[in-house]
Amino acid sequence: MHKRLFTPGPTQVRPEILKELATPQIHHRAPEFSELYADIQSKLQSVLSTKNAVLLYTSSSTGAMESAVTNLVAKRCLNLVNGAFSERWNEITAANGVPCDTFELPWNVAIKPEMVDEQLATGKYDAVTLVYNETSTGLMNPLEGIAEVVANYPDVFLLVDAVSGMAGAPIETDAWGIDFVLAGVQKAFALPAGLAVAAISDRAVERAKIVPSRSYYFNIPLMHESHLKNQTPSTPAIPHMYALNAQLNDMLAEGMDRRFARHAKMAAIVQAWAKKHFDIYPEDGYWSQTLTSIVNTTQIDVPGMIKRLADEYNLRIANGYGNIKNKTFRIAHMGDTQVDEIQGLLKAIESVLGL
Ligand SMILES: *Cc1c(COP(=O)(O)O)cnc(C)c1O
């Protein structure tokens with residue numbers, strides 16, 4: 001029996017979207033492919049409020065994270081770290097031999113614009129990485145305020161991992177001046193895993209051309225050159241592109257503002273429930289709109305609860321991440337999940353825990 005996913009990626013995919021994966025194959029150098037590519041392109045630009053190119057990666061989000069730091073750092077990168085995924089981005093940067101430093105905070109504390117300002121004022125950096133929505137902790141960093149600060153440093157590019165935020169919370173790519181913003185589609189896009197998207201500014205494409213290449217598969221100048229022809233350098237995940245196109249149609253039909261409002265409403269419901277029975281992991285004011293990380297204040301058996309929800313209700317939620325496993329657990333309220341489904345999940349948890 002399928003376990004309905006309330007996990008922060010992969011998320012539940014609707015059957016009508018899954019069916020799109022079975023669309024008969026087309027050839028990726030045929031005109032019908034370029035039509036599909038162009039169709040997707042304009043819709044992704046709407047979702048991301050941008051005129052920038054949106055590159056398609058046949059990889060999970062990690063590939064796009066690697067692409068950003070291997071192509072867009074000419075001098076030195078500042079990795080802002082306050083969770084597992086921002087820590088991983090630093091590891092990716094260092095593993096590729098890209099000069100970098102971290103600015104680290106405890107995992108429950110948000111990165112504030114003035115902290116970024118202080119770091120950039122050293123003049124050491126020409127790129128900064130930020131995870132918008134830390135899926136490991138349910139913390140949303142103040143992207144707009146940080147982008148405002150970064151904009152005061154004309155040579156510094158802002159690279160954003162919006163993996164679990166994009167399509168669930170607003171991202172004004174052009175208005176906020178974000179040079180690179182990426183997401184895998186298995187989170188708030190509610191699509192099967194296997195594809196990532198990233199909007200890239202023109203000046204970032206230009207810088208990528210002068211940065212000595214550290215990657216072939218994730219080479220931005222090559223990808224961008226193909227992009228201009230509505231193509232990809234190598235064979236992309238064509239079935240996923242059909243699913244993405246159909247999902248973008250549905251997202252834009254719902255309307256992005258309504259979609260974001262639905263996420264905010266589900267977040268408020270889960271947050272109120274978490275406060276009533278437990279506590280919320282990140283500091284006040286920075287709770288995620290797409291998932292909630294709940295502190296296990298009453299020493300419940302977290303793996304036991306997760307197993308019973310799966311066995312008895314066919315519902316799957318997630319344990320805490322890394323070193324906050326069992327000390328926290330996570331409920332995703334993103335993608336195509338509806339308010340009544342979240343309410344049903346909370347009722348099931350109450351019954352399992354005898355609340
Ligand atoms: C899931 C996630 C990733 C890693 O994504 P993959 O698709 O597994 O490569 C990176 N960053 C954030 C914030 C995530 O939520």
# chains A, B, ... in the order shown; residues from 1 in each chain; ligands from 1
>>> residues_around(residues="Asn141 of chain A", least_positions_apart="2", cutoff="10 Å", atoms="only C-alpha atoms", output="ChimeraX atom specification")
/A:82,109-113,130-134,138-139,143-146,285-288
>>> residues_near_ligand(ligand="ligand 1", cutoff="9 Å", atoms="only C-alpha atoms and all ligand atoms", output="number ranges by chain")
A: 8-10, 59-65, 83-86, 88-89, 131-136, 161-165, 183-187, 193-196
>>> residues_around(residues="Ile300 of chain A", least_positions_apart="3", cutoff="12 Å", atoms="only C-alpha atoms", output="PyMOL selection string")
chain A and resi 277-278+294-297+303-306+319+326-329+349+352-355
>>> select_by_dssp(residues="segment 104-320 of chain A", states="strand (DSSP E or B)", output="MDAnalysis selection string")
chainID A and resid 104 127:131 133:134 139:140 157:161 166 169 180:184 196:200 279:280 287 291:295 315:316 318:319
>>> select_by_dssp(residues="segment 51-106 of chain A", states="alpha helix (DSSP H)", output="list in words")
Ser61, Thr62, Gly63, Ala64, Met65, Glu66, Ser67, Ala68, Val69, Thr70, Asn71, Ala84, Phe85, Ser86, Glu87, Arg88, Trp89, Asn90, Glu91, Ile92, Thr93, Ala94 and Ala95 of chain A
>>> atom_distance(atom1="atom CA of Thr11 of chain A", atom2="atom CA of Ala188 of chain A")
7.4 Å
>>> residues_around(residues="Ala167 of chain A", least_positions_apart="2", cutoff="9 Å", atoms="only C-alpha atoms", output="list in words")
Val47, Leu48, Ser164, Gly165, Ala169, Pro170, Ile171, Lys187, Ala188, Phe189, Met251, Met256, Arg259, Phe260, Met334 and Gly335 of chain A
>>> residues_around(residues="Glu341 of chain A", least_positions_apart="5", cutoff="10 Å", atoms="only C-alpha atoms", output="list in words")
Phe6, Met266, His333, Leu346 and Lys347 of chain A
>>> residues_around(residues="Leu248 of chain A", least_positions_apart="3", cutoff="9 Å", atoms="only C-alpha atoms", output="VMD selection string")
chain A and resid 40 43 to 44 47 189 243 to 245 251 to 253
>>> closest_residue(among="A:Thr137, A:Asn52, A:Lys276, A:Gln231", to="Arg330 of chain A", atoms="only C-alpha atoms")
A:Thr137
>>> atom_distance(atom1="atom CA of Tyr57 of chain A", atom2="atom CA of Pro212 of chain A")
20.6 Å
>>> residues_around(residues="Arg76 of chain A", least_positions_apart="4", cutoff="7 Å", atoms="only C-alpha atoms", output="list in words")
Pro99, Cys100, Lys124, Tyr125, Asp126 and Ala127 of chain A
>>> write_last_selection(atoms="all heavy atoms", output="PDB file, in the first residue's frame")
ATOM      1  N   PRO A  99      38.195  28.155  -3.357  1.00  0.00           N
ATOM      2  CA  PRO A  99      38.536  28.844  -2.106  1.00  0.00           C
ATOM      3  C   PRO A  99      37.265  29.287  -1.378  1.00  0.00           C
ATOM      4  O   PRO A  99      36.375  29.895  -1.991  1.00  0.00           O
ATOM      5  CB  PRO A  99      39.347  30.059  -2.563  1.00  0.00           C
ATOM      6  CG  PRO A  99      39.808  29.733  -3.946  1.00  0.00           C
ATOM      7  CD  PRO A  99      38.776  28.816  -4.540  1.00  0.00           C
ATOM      8  N   CYS A 100      37.163  28.981  -0.085  1.00  0.00           N
ATOM      9  CA  CYS A 100      35.926  29.308   0.642  1.00  0.00           C
ATOM     10  C   CYS A 100      36.157  29.383   2.139  1.00  0.00           C
ATOM     11  O   CYS A 100      37.109  28.816   2.667  1.00  0.00           O
ATOM     12  CB  CYS A 100      34.847  28.260   0.343  1.00  0.00           C
ATOM     13  SG  CYS A 100      35.302  26.579   0.779  1.00  0.00           S
ATOM     14  N   LYS A 124      36.760  40.091   1.052  1.00  0.00           N
ATOM     15  CA  LYS A 124      37.428  38.835   0.651  1.00  0.00           C
ATOM     16  C   LYS A 124      36.649  38.039  -0.396  1.00  0.00           C
ATOM     17  O   LYS A 124      37.187  37.156  -1.040  1.00  0.00           O
ATOM     18  CB  LYS A 124      37.603  37.932   1.889  1.00  0.00           C
ATOM     19  CG  LYS A 124      38.669  38.425   2.859  1.00  0.00           C
ATOM     20  CD  LYS A 124      39.157  37.308   3.787  1.00  0.00           C
ATOM     21  CE  LYS A 124      38.179  37.009   4.891  1.00  0.00           C
ATOM     22  NZ  LYS A 124      38.717  36.152   5.959  1.00  0.00           N
ATOM     23  N   TYR A 125      35.334  38.343  -0.514  1.00  0.00           N
ATOM     24  CA  TYR A 125      34.468  37.404  -1.244  1.00  0.00           C
ATOM     25  C   TYR A 125      33.876  38.002  -2.516  1.00  0.00           C
ATOM     26  O   TYR A 125      33.606  39.197  -2.590  1.00  0.00           O
ATOM     27  CB  TYR A 125      33.332  36.952  -0.319  1.00  0.00           C
ATOM     28  CG  TYR A 125      33.860  36.391   0.984  1.00  0.00           C
ATOM     29  CD1 TYR A 125      33.724  37.103   2.178  1.00  0.00           C
ATOM     30  CD2 TYR A 125      34.538  35.175   1.007  1.00  0.00           C
ATOM     31  CE1 TYR A 125      34.244  36.597   3.366  1.00  0.00           C
ATOM     32  CE2 TYR A 125      35.054  34.672   2.186  1.00  0.00           C
ATOM     33  CZ  TYR A 125      34.902  35.387   3.364  1.00  0.00           C
ATOM     34  OH  TYR A 125      35.428  34.892   4.533  1.00  0.00           O
ATOM     35  N   ASP A 126      33.656  37.131  -3.486  1.00  0.00           N
ATOM     36  CA  ASP A 126      32.905  37.552  -4.675  1.00  0.00           C
ATOM     37  C   ASP A 126      31.678  36.659  -4.916  1.00  0.00           C
ATOM     38  O   ASP A 126      31.027  36.742  -5.956  1.00  0.00           O
ATOM     39  CB  ASP A 126      33.803  37.612  -5.921  1.00  0.00           C
ATOM     40  CG  ASP A 126      34.321  36.257  -6.353  1.00  0.00           C
ATOM     41  OD1 ASP A 126      34.139  35.269  -5.608  1.00  0.00           O
ATOM     42  OD2 ASP A 126      34.911  36.184  -7.445  1.00  0.00           O
ATOM     43  N   ALA A 127      31.386  35.782  -3.939  1.00  0.00           N
ATOM     44  CA  ALA A 127      30.172  34.957  -4.018  1.00  0.00           C
ATOM     45  C   ALA A 127      29.790  34.544  -2.602  1.00  0.00           C
ATOM     46  O   ALA A 127      30.658  34.386  -1.740  1.00  0.00           O
ATOM     47  CB  ALA A 127      30.401  33.725  -4.883  1.00  0.00           C
TER      48      ALA A 127
END
>>> closest_residue(among="A:Leu56, A:Ile17, A:Met166, A:Ala94", to="Thr235 of chain A", atoms="only C-alpha atoms")
A:Leu56
>>> closest_residue(among="A:Glu254, A:Val73, A:Thr122, A:Pro142", to="Glu206 of chain A", atoms="only C-alpha atoms")
A:Val73
>>> closest_residue(among="A:Thr70, A:Gln299, A:Asn249, A:Thr290", to="Thr337 of chain A", atoms="only C-alpha atoms")
A:Thr290
>>> closest_residue(among="A:Gln271, A:Gln289, A:Gln12, A:Gln25", to="Gln343 of chain A", atoms="only C-alpha atoms")
A:Gln271
